[in-house]
file coords-v7.txt (compact mmCIF, C-alpha atoms and all ligand atoms)
# COMPACT_ATOMS: atom_id res chain seq x y z
CA MET Q 157 0.00 0.00 0.00
CA ALA Q 158 1.07 3.56 -0.55
CA ARG Q 159 0.03 7.01 0.49
CA LEU Q 160 -0.88 9.12 -2.50
CA ASN Q 161 -0.46 12.87 -2.98
CA ILE Q 162 -3.73 14.80 -2.59
CA LEU Q 163 -4.31 17.64 -5.09
CA ARG Q 164 -5.09 21.03 -3.56
CA TYR Q 165 -7.76 23.46 -4.73
CA PRO Q 166 -7.38 25.45 -6.97
CA ASP Q 167 -5.82 22.82 -9.23
CA ALA Q 168 -7.32 22.37 -12.71
CA ARG Q 169 -6.98 18.58 -12.41
CA LEU Q 170 -9.68 18.61 -9.69
CA HIS Q 171 -12.16 19.72 -12.36
CA LYS Q 172 -11.72 16.74 -14.66
CA VAL Q 173 -14.78 14.54 -15.09
CA ALA Q 174 -14.07 10.97 -13.96
CA ALA Q 175 -14.69 8.11 -16.39
CA PRO Q 176 -16.52 4.92 -15.39
CA VAL Q 177 -14.39 1.92 -14.46
CA THR Q 178 -14.67 -0.77 -17.15
CA VAL Q 179 -12.10 -3.32 -15.94
CA PHE Q 180 -12.13 -4.67 -12.37
CA ASP Q 181 -8.51 -5.79 -12.20
CA GLU Q 182 -5.59 -5.85 -9.75
CA GLY Q 183 -4.79 -2.24 -10.64
CA LEU Q 184 -8.23 -1.18 -9.37
CA LYS Q 185 -7.74 -3.15 -6.12
CA ARG Q 186 -4.36 -1.47 -5.62
CA LEU Q 187 -5.91 1.98 -6.27
CA VAL Q 188 -8.65 1.27 -3.69
CA ALA Q 189 -6.09 0.08 -1.10
CA ASP Q 190 -3.89 3.12 -1.69
CA MET Q 191 -6.86 5.50 -1.53
CA ALA Q 192 -8.02 3.93 1.76
CA GLU Q 193 -4.55 4.30 3.28
CA THR Q 194 -4.38 7.91 2.07
CA MET Q 195 -7.84 8.70 3.53
CA TYR Q 196 -7.12 7.05 6.92
CA THR Q 197 -3.72 8.71 7.21
CA ALA Q 198 -4.91 12.21 6.24
CA PRO Q 199 -7.23 11.69 8.24
CA GLY Q 200 -10.47 12.11 6.31
CA ILE Q 201 -13.88 10.41 6.09
CA GLY Q 202 -13.89 10.10 2.29
CA LEU Q 203 -11.71 10.35 -0.80
CA ALA Q 204 -12.47 10.43 -4.52
CA ALA Q 205 -9.90 9.14 -7.05
CA ILE Q 206 -9.79 12.52 -8.79
CA GLN Q 207 -8.23 13.96 -5.59
CA VAL Q 208 -5.20 11.73 -6.19
CA ASP Q 209 -5.19 12.62 -9.90
CA VAL Q 210 -6.90 9.46 -11.15
CA ALA Q 211 -9.92 10.43 -13.30
CA LYS Q 212 -11.93 7.26 -12.58
CA GLN Q 213 -15.26 6.83 -10.78
CA VAL Q 214 -13.83 5.38 -7.56
CA ILE Q 215 -14.71 6.55 -4.02
CA VAL Q 216 -13.73 5.35 -0.55
CA VAL Q 217 -15.69 6.42 2.54
CA ASP Q 218 -15.53 5.59 6.26
CA VAL Q 219 -17.61 7.69 8.65
CA SER Q 220 -17.30 5.25 11.58
CA GLU Q 221 -15.58 6.35 14.78
CA ARG Q 222 -13.54 3.15 14.94
CA ARG Q 223 -12.37 3.62 11.34
CA ASP Q 224 -13.28 0.03 10.56
CA SER Q 225 -16.21 0.43 8.13
CA LEU Q 226 -14.73 1.12 4.72
CA VAL Q 227 -17.25 1.60 1.91
CA VAL Q 228 -15.95 1.40 -1.66
CA LEU Q 229 -18.15 2.84 -4.40
CA VAL Q 230 -17.23 2.28 -8.04
CA ASN Q 231 -19.37 3.92 -10.77
CA PRO Q 232 -21.93 5.16 -8.21
CA GLU Q 233 -25.37 6.42 -9.22
CA ILE Q 234 -27.95 8.14 -7.00
CA LEU Q 235 -31.31 6.38 -7.33
CA GLU Q 236 -33.20 8.47 -4.78
CA ALA Q 237 -32.43 11.57 -2.77
CA THR Q 238 -34.79 12.93 -0.11
CA GLY Q 239 -34.89 15.53 2.61
CA ASN Q 240 -32.53 18.35 3.41
CA SER Q 241 -29.36 18.40 5.40
CA ASP Q 242 -26.85 21.11 5.98
CA ILE Q 243 -23.76 19.73 7.58
CA GLU Q 244 -20.55 21.70 7.80
CA GLU Q 245 -18.24 20.20 5.19
CA GLY Q 246 -14.51 20.12 4.83
CA CYS Q 247 -12.35 18.72 2.06
CA LEU Q 248 -8.84 17.29 2.03
CA SER Q 249 -8.27 19.27 -1.17
CA VAL Q 250 -9.33 22.53 0.55
CA PRO Q 251 -7.52 22.34 3.92
CA GLY Q 252 -8.71 24.51 6.79
CA ILE Q 253 -12.00 25.56 5.16
CA TYR Q 254 -15.34 24.43 6.69
CA GLU Q 255 -18.68 25.61 5.30
CA LEU Q 256 -22.35 24.59 5.32
CA VAL Q 257 -23.57 23.04 2.07
CA GLU Q 258 -27.13 22.04 1.25
CA ARG Q 259 -27.44 18.33 0.60
CA ALA Q 260 -30.09 15.62 0.65
CA GLU Q 261 -30.55 13.99 4.09
CA ARG Q 262 -30.94 10.47 2.64
CA VAL Q 263 -29.68 8.91 -0.56
CA LYS Q 264 -30.11 5.52 -2.14
CA VAL Q 265 -27.03 4.70 -4.20
CA ARG Q 266 -26.26 1.93 -6.65
CA ALA Q 267 -22.60 1.11 -7.19
CA TYR Q 268 -20.10 -1.68 -7.74
CA ASP Q 269 -17.60 -2.92 -5.19
CA ARG Q 270 -13.90 -3.43 -6.04
CA ASN Q 271 -14.67 -6.93 -7.36
CA GLY Q 272 -17.31 -5.71 -9.80
CA ASN Q 273 -20.33 -6.84 -7.78
CA ALA Q 274 -23.28 -4.44 -7.94
CA PHE Q 275 -25.00 -3.39 -4.71
CA THR Q 276 -27.33 -0.70 -3.40
CA LEU Q 277 -26.78 1.30 -0.24
CA GLU Q 278 -29.22 3.46 1.70
CA ALA Q 279 -27.40 6.18 3.57
CA GLN Q 280 -28.43 9.05 5.81
CA GLY Q 281 -26.81 11.81 7.80
CA LEU Q 282 -23.03 12.19 7.55
CA LEU Q 283 -22.60 9.12 5.33
CA ALA Q 284 -25.19 10.47 2.86
CA VAL Q 285 -23.55 13.90 2.86
CA CYS Q 286 -20.09 12.42 2.39
CA ILE Q 287 -21.24 10.28 -0.56
CA GLN Q 288 -22.77 13.36 -2.22
CA HIS Q 289 -19.53 15.32 -1.60
CA GLU Q 290 -17.47 12.51 -3.18
CA MET Q 291 -19.84 12.14 -6.14
CA ASP Q 292 -19.44 15.87 -6.80
CA HIS Q 293 -15.67 15.28 -7.03
CA LEU Q 294 -16.32 12.66 -9.74
CA LYS Q 295 -18.08 15.37 -11.75
CA GLY Q 296 -15.14 17.74 -11.25
CA LYS Q 297 -16.93 19.77 -8.60
CA VAL Q 298 -15.33 20.87 -5.32
CA PHE Q 299 -17.68 21.68 -2.38
CA VAL Q 300 -16.73 25.37 -2.31
CA GLU Q 301 -18.36 25.72 -5.73
CA HIS Q 302 -21.74 25.42 -3.94
CA LEU Q 303 -20.95 28.69 -2.12
CA SER Q 304 -21.43 32.30 -3.24
CA GLN Q 305 -18.84 33.87 -5.55
CA LEU Q 306 -17.85 36.18 -2.70
CA LYS Q 307 -17.12 33.26 -0.36
CA GLN Q 308 -15.21 31.45 -3.10
CA GLN Q 309 -13.11 34.55 -3.66
CA ARG Q 310 -12.33 34.77 0.07
CA ILE Q 311 -11.43 31.08 0.22
CA ARG Q 312 -9.04 31.39 -2.75
CA ALA Q 313 -7.37 34.38 -1.07
CA LYS Q 314 -7.05 32.49 2.24
CA LEU Q 315 -5.54 29.43 0.51
CA ALA Q 316 -3.08 31.58 -1.45
CA LYS Q 317 -1.99 33.19 1.85
CA GLN Q 318 -1.56 29.73 3.49
CA LEU Q 319 0.58 28.69 0.52
CA ARG Q 320 2.77 31.80 0.75
CA LYS Q 321 3.33 31.20 4.48
CA SER Q 322 4.34 27.58 3.94
CA ALA Q 323 6.70 28.46 1.07
O1 LIG I 401 -12.70 14.39 5.48
C1 LIG I 401 -13.72 14.90 5.00
N1 LIG I 401 -14.71 15.35 5.83
C2 LIG I 401 -15.97 15.73 5.41
C3 LIG I 401 -16.80 16.35 6.34
C4 LIG I 401 -18.08 16.72 5.99
C5 LIG I 401 -18.54 16.47 4.70
C6 LIG I 401 -17.72 15.86 3.77
C7 LIG I 401 -16.44 15.49 4.12
S1 LIG I 401 -15.42 14.69 2.96
C8 LIG I 401 -13.83 15.07 3.53
C9 LIG I 401 -12.78 14.30 2.78
C10 LIG I 401 -12.76 14.73 1.33
O2 LIG I 401 -12.24 15.74 0.93
N2 LIG I 401 -13.39 13.97 0.47
O3 LIG I 401 -13.46 14.34 -0.82
NI NI I 402 -13.42 16.49 -0.84
call {"tool": "encode", "arguments": {"input": "coords-v7.txt", "output": "structure tokens", "more": "lines below"}}
Ligand code: GNR
Ligand code: NI
result
Amino acid sequence: MARLNILRYPDARLHKVAAPVTVFDEGLKRLVADMAETMYTAPGIGLAAIQVDVAKQVIVVDVSERRDSLVVLVNPEILEATGNSDIEEGCLSVPGIYELVERAERVKVRAYDRNGNAFTLEAQGLLAVCIQHEMDHLKGKVFVEHLSQLKQQRIRAKLAKQLRKSA
């Protein structure tokens, strides 16, 4: 297993649209293992492949406190979305920024696991929000793009300042 480098917003590669996985091979299993290690080490509760510069529809999520409930979603599709939730979100690609985003409270998702077996998952609360956040990444969308232009401008300025300080 390996820890992968996480792209930071604003990076044009975060806006690529991920392609569906067509081959469920050893390379996919290695990608999933490396993404899980990267997410747990960060630490984060989710990671989309596009964040490690792989434009494929692969997501790992674990919202459990014990960090022992990994969910792998390949080629996910939302079948149903109901209710409203606004949970404060963060993103490993946008460090230090936390903002409320409007999301569905419950989602029913169809996806494949790393072996190519289809399954459906009904999620609510933080898991549902995290899945929606990760599925946005697969479309090239970062959570801050749900915010007003003014807030996005402020976030870009704050990140640029962080970067200057660390340089
Ligand atoms: O670690 C993460 N925390 C989080 C908190 C609230 C809503 C979504 C998330 S996902 C984020 C990890 C990440 O950037 N995934 O893309
Ligand atoms: Ni994210």
call {"tool": "residues_near_ligand", "arguments": {"input": "coords-v7.txt", "ligand": "ligand NI 402 (chain I)", "cutoff": "9 Å", "atoms": "only C-alpha atoms and all ligand atoms", "output": "list in words"}}
result
Gly200, Gly202, Leu203, Ala204, Gln207, Glu245, Gly246, Cys247, Leu248, Ser249, Val250, Cys286, His289, Glu290, Asp292, His293, Val298 and Phe299 of chain Q
call {"tool": "closest_residue", "arguments": {"input": "coords-v7.txt", "among": "Q:Glu258, Q:Glu301, Q:Glu244, Q:Glu233", "to": "Pro176 (chain Q)", "atoms": "all atoms listed in the file"}}
result
Q:Glu233
call {"tool": "closest_residue", "arguments": {"input": "coords-v7.txt", "among": "Q:Ala189, Q:Thr178, Q:Val208, Q:Asn231", "to": "Leu163 (chain Q)", "atoms": "all atoms listed in the file"}}
result
Q:Val208
call {"tool": "atom_distance", "arguments": {"input": "coords-v7.txt", "atom1": "CA of Ile215 (chain Q)", "atom2": "CA of Asn240 (chain Q)"}}
result
22.6 Å
call {"tool": "closest_residue", "arguments": {"input": "coords-v7.txt", "among": "Q:Tyr165, Q:Tyr268, Q:Phe180, Q:Phe275", "to": "ligand LIG 401 (chain I)", "atoms": "only C-alpha atoms and all ligand atoms"}}
result
Q:Tyr165
call {"tool": "residues_around", "arguments": {"input": "coords-v7.txt", "residues": "Asn273 (chain Q)", "least_positions_apart": "6", "cutoff": "12 Å", "atoms": "only C-alpha atoms", "output": "PyMOL selection string"}}
result
chain Q and resi 180+228-231+266-267
call {"tool": "atom_distance", "arguments": {"input": "coords-v7.txt", "atom1": "CA of Arg164 (chain Q)", "atom2": "CA of Glu221 (chain Q)"}}
result
25.7 Å
call {"tool": "closest_residue", "arguments": {"input": "coords-v7.txt", "among": "Q:Leu282, Q:Leu226, Q:Val179, Q:Met157", "to": "ligand LIG 401 (chain I)", "atoms": "all atoms listed in the file"}}
result
Q:Leu282
call {"tool": "atom_distance", "arguments": {"input": "coords-v7.txt", "atom1": "CA of Ala198 (chain Q)", "atom2": "atom C6 of ligand LIG 401 (chain I)"}}
result
13.5 Å
call {"tool": "residues_around", "arguments": {"input": "coords-v7.txt", "residues": "Ile201 (chain Q)", "least_positions_apart": "4", "cutoff": "7 Å", "atoms": "all atoms listed in the file", "output": "PyMOL selection string"}}
result
chain Q and resi 195+217-219
call {"tool": "closest_residue", "arguments": {"input": "coords-v7.txt", "among": "Q:Thr276, Q:Ser220, Q:Gln305, Q:Thr238", "to": "ligand LIG 401 (chain I)", "atoms": "all atoms listed in the file"}}
result
Q:Ser220
call {"tool": "axis_aligned_box", "arguments": {"input": "coords-v7.txt", "around": "region 208-222 of chain Q", "padding_each_side": "3 Å", "output": "AutoDock Vina command-line options"}}
result
--center_x -11.4 --center_y 7.9 --center_z 0.8 --size_x 18.4 --size_y 15.5 --size_z 34.2
call {"tool": "closest_residue", "arguments": {"input": "coords-v7.txt", "among": "Q:Ser322, Q:Ser225, Q:Gln288, Q:Gln309", "to": "ligand LIG 401 (chain I)", "atoms": "only C-alpha atoms and all ligand atoms"}}
result
Q:Gln288
call {"tool": "residues_around", "arguments": {"input": "coords-v7.txt", "residues": "Gln280 (chain Q)", "least_positions_apart": "2", "cutoff": "9 Å", "atoms": "all atoms listed in the file", "output": "PyMOL selection string"}}
result
chain Q and resi 260-264+278+282-285
call {"tool": "residues_around", "arguments": {"input": "coords-v7.txt", "residues": "Val210 (chain Q)", "least_positions_apart": "6", "cutoff": "12 Å", "atoms": "only C-alpha atoms", "output": "PDB file with C-alpha atoms, keeping the file's coordinate frame"}}
result
ATOM      1  CA  LEU Q 160      -0.880   9.120  -2.500  1.00  0.00           C
ATOM      2  CA  ASN Q 161      -0.460  12.870  -2.980  1.00  0.00           C
ATOM      3  CA  ILE Q 162      -3.730  14.800  -2.590  1.00  0.00           C
ATOM      4  CA  LEU Q 163      -4.310  17.640  -5.090  1.00  0.00           C
ATOM      5  CA  ARG Q 169      -6.980  18.580 -12.410  1.00  0.00           C
ATOM      6  CA  LEU Q 170      -9.680  18.610  -9.690  1.00  0.00           C
ATOM      7  CA  HIS Q 171     -12.160  19.720 -12.360  1.00  0.00           C
ATOM      8  CA  LYS Q 172     -11.720  16.740 -14.660  1.00  0.00           C
ATOM      9  CA  VAL Q 173     -14.780  14.540 -15.090  1.00  0.00           C
ATOM     10  CA  ALA Q 174     -14.070  10.970 -13.960  1.00  0.00           C
ATOM     11  CA  ALA Q 175     -14.690   8.110 -16.390  1.00  0.00           C
ATOM     12  CA  PRO Q 176     -16.520   4.920 -15.390  1.00  0.00           C
ATOM     13  CA  VAL Q 177     -14.390   1.920 -14.460  1.00  0.00           C
ATOM     14  CA  GLY Q 183      -4.790  -2.240 -10.640  1.00  0.00           C
ATOM     15  CA  LEU Q 184      -8.230  -1.180  -9.370  1.00  0.00           C
ATOM     16  CA  LEU Q 187      -5.910   1.980  -6.270  1.00  0.00           C
ATOM     17  CA  VAL Q 188      -8.650   1.270  -3.690  1.00  0.00           C
ATOM     18  CA  ASP Q 190      -3.890   3.120  -1.690  1.00  0.00           C
ATOM     19  CA  MET Q 191      -6.860   5.500  -1.530  1.00  0.00           C
ATOM     20  CA  LEU Q 203     -11.710  10.350  -0.800  1.00  0.00           C
ATOM     21  CA  ALA Q 204     -12.470  10.430  -4.520  1.00  0.00           C
ATOM     22  CA  HIS Q 293     -15.670  15.280  -7.030  1.00  0.00           C
ATOM     23  CA  LEU Q 294     -16.320  12.660  -9.740  1.00  0.00           C
ATOM     24  CA  GLY Q 296     -15.140  17.740 -11.250  1.00  0.00           C
TER      25      GLY Q 296
END
call {"tool": "residues_around", "arguments": {"input": "coords-v7.txt", "residues": "Ser304 (chain Q)", "least_positions_apart": "4", "cutoff": "12 Å", "atoms": "only C-alpha atoms", "output": "ChimeraX atom specification"}}
result
/Q:255-257,299-300,308-311
call {"tool": "build_atoms", "arguments": {"input": "coords-v7.txt", "residues": "region 294-305 of chain Q", "atoms": "all heavy atoms", "output": "mmCIF file, in the frame of the given file"}}
result
data_model
loop_
_atom_site.group_PDB
_atom_site.id
_atom_site.type_symbol
_atom_site.label_atom_id
_atom_site.label_comp_id
_atom_site.auth_asym_id
_atom_site.auth_seq_id
_atom_site.Cartn_x
_atom_site.Cartn_y
_atom_site.Cartn_z
ATOM 1 N N LEU Q 294 -16.371 13.462 -8.500
ATOM 2 C CA LEU Q 294 -16.320 12.660 -9.740
ATOM 3 C C LEU Q 294 -16.801 13.463 -10.944
ATOM 4 O O LEU Q 294 -16.461 13.149 -12.080
ATOM 5 C CB LEU Q 294 -17.147 11.374 -9.603
ATOM 6 C CG LEU Q 294 -16.720 10.399 -8.500
ATOM 7 C CD1 LEU Q 294 -17.571 9.138 -8.567
ATOM 8 C CD2 LEU Q 294 -15.238 10.026 -8.602
ATOM 9 N N LYS Q 295 -17.609 14.488 -10.670
ATOM 10 C CA LYS Q 295 -18.080 15.370 -11.750
ATOM 11 C C LYS Q 295 -17.175 16.581 -11.910
ATOM 12 O O LYS Q 295 -17.488 17.514 -12.652
ATOM 13 C CB LYS Q 295 -19.512 15.831 -11.460
ATOM 14 C CG LYS Q 295 -20.531 14.710 -11.584
ATOM 15 C CD LYS Q 295 -21.940 15.179 -11.238
ATOM 16 C CE LYS Q 295 -22.204 15.009 -9.757
ATOM 17 N NZ LYS Q 295 -23.502 15.527 -9.313
ATOM 18 N N GLY Q 296 -16.086 16.625 -11.156
ATOM 19 C CA GLY Q 296 -15.140 17.740 -11.250
ATOM 20 C C GLY Q 296 -15.525 18.921 -10.384
ATOM 21 O O GLY Q 296 -14.999 20.025 -10.559
ATOM 22 N N LYS Q 297 -16.441 18.673 -9.433
ATOM 23 C CA LYS Q 297 -16.930 19.770 -8.600
ATOM 24 C C LYS Q 297 -16.413 19.684 -7.169
ATOM 25 O O LYS Q 297 -16.530 18.642 -6.520
ATOM 26 C CB LYS Q 297 -18.469 19.758 -8.612
ATOM 27 C CG LYS Q 297 -19.097 20.947 -7.930
ATOM 28 C CD LYS Q 297 -20.554 21.097 -8.335
ATOM 29 C CE LYS Q 297 -21.187 22.300 -7.644
ATOM 30 N NZ LYS Q 297 -22.538 22.577 -8.147
ATOM 31 N N VAL Q 298 -15.845 20.769 -6.693
ATOM 32 C CA VAL Q 298 -15.330 20.870 -5.320
ATOM 33 C C VAL Q 298 -16.395 21.579 -4.480
ATOM 34 O O VAL Q 298 -17.098 22.465 -4.986
ATOM 35 C CB VAL Q 298 -13.993 21.648 -5.327
ATOM 36 C CG1 VAL Q 298 -13.441 21.826 -3.916
ATOM 37 C CG2 VAL Q 298 -12.965 20.918 -6.205
ATOM 38 N N PHE Q 299 -16.541 21.200 -3.186
ATOM 39 C CA PHE Q 299 -17.680 21.680 -2.380
ATOM 40 C C PHE Q 299 -17.787 23.199 -2.329
ATOM 41 O O PHE Q 299 -18.894 23.738 -2.241
ATOM 42 C CB PHE Q 299 -17.683 21.056 -0.977
ATOM 43 C CG PHE Q 299 -16.840 21.747 0.065
ATOM 44 C CD1 PHE Q 299 -17.435 22.502 1.068
ATOM 45 C CD2 PHE Q 299 -15.467 21.642 0.053
ATOM 46 C CE1 PHE Q 299 -16.673 23.148 2.040
ATOM 47 C CE2 PHE Q 299 -14.690 22.272 1.012
ATOM 48 C CZ PHE Q 299 -15.287 23.028 2.003
ATOM 49 N N VAL Q 300 -16.656 23.908 -2.402
ATOM 50 C CA VAL Q 300 -16.730 25.370 -2.310
ATOM 51 C C VAL Q 300 -17.485 25.980 -3.494
ATOM 52 O O VAL Q 300 -17.974 27.111 -3.401
ATOM 53 C CB VAL Q 300 -15.323 26.019 -2.205
ATOM 54 C CG1 VAL Q 300 -14.621 25.577 -0.921
ATOM 55 C CG2 VAL Q 300 -14.458 25.697 -3.414
ATOM 56 N N GLU Q 301 -17.622 25.211 -4.571
ATOM 57 C CA GLU Q 301 -18.360 25.720 -5.730
ATOM 58 C C GLU Q 301 -19.872 25.777 -5.487
ATOM 59 O O GLU Q 301 -20.620 26.296 -6.316
ATOM 60 C CB GLU Q 301 -18.028 24.896 -6.980
ATOM 61 C CG GLU Q 301 -16.553 25.072 -7.374
ATOM 62 C CD GLU Q 301 -16.133 24.135 -8.468
ATOM 63 O OE1 GLU Q 301 -16.462 24.409 -9.632
ATOM 64 O OE2 GLU Q 301 -15.496 23.121 -8.164
ATOM 65 N N HIS Q 302 -20.333 25.258 -4.343
ATOM 66 C CA HIS Q 302 -21.740 25.420 -3.940
ATOM 67 C C HIS Q 302 -21.938 26.766 -3.243
ATOM 68 O O HIS Q 302 -23.073 27.152 -2.983
ATOM 69 C CB HIS Q 302 -22.151 24.307 -2.966
ATOM 70 C CG HIS Q 302 -22.364 22.975 -3.618
ATOM 71 N ND1 HIS Q 302 -23.536 22.649 -4.265
ATOM 72 C CD2 HIS Q 302 -21.562 21.899 -3.739
ATOM 73 C CE1 HIS Q 302 -23.448 21.418 -4.741
ATOM 74 N NE2 HIS Q 302 -22.253 20.945 -4.431
ATOM 75 N N LEU Q 303 -20.849 27.449 -2.900
ATOM 76 C CA LEU Q 303 -20.950 28.690 -2.120
ATOM 77 C C LEU Q 303 -21.044 29.904 -3.041
ATOM 78 O O LEU Q 303 -20.843 29.800 -4.248
ATOM 79 C CB LEU Q 303 -19.714 28.807 -1.208
ATOM 80 C CG LEU Q 303 -19.443 27.577 -0.328
ATOM 81 C CD1 LEU Q 303 -18.103 27.723 0.401
ATOM 82 C CD2 LEU Q 303 -20.569 27.361 0.669
ATOM 83 N N SER Q 304 -21.324 31.066 -2.451
ATOM 84 C CA SER Q 304 -21.430 32.300 -3.240
ATOM 85 C C SER Q 304 -20.074 32.647 -3.842
ATOM 86 O O SER Q 304 -19.026 32.225 -3.330
ATOM 87 C CB SER Q 304 -21.901 33.438 -2.344
ATOM 88 O OG SER Q 304 -20.876 33.767 -1.415
ATOM 89 N N GLN Q 305 -20.091 33.433 -4.912
ATOM 90 C CA GLN Q 305 -18.840 33.870 -5.550
ATOM 91 C C GLN Q 305 -17.961 34.625 -4.551
ATOM 92 O O GLN Q 305 -16.735 34.478 -4.560
ATOM 93 C CB GLN Q 305 -19.139 34.774 -6.751
ATOM 94 C CG GLN Q 305 -19.650 34.014 -7.965
ATOM 95 C CD GLN Q 305 -18.636 33.006 -8.514
ATOM 96 O OE1 GLN Q 305 -17.433 33.199 -8.422
ATOM 97 N NE2 GLN Q 305 -19.156 31.911 -9.074
#
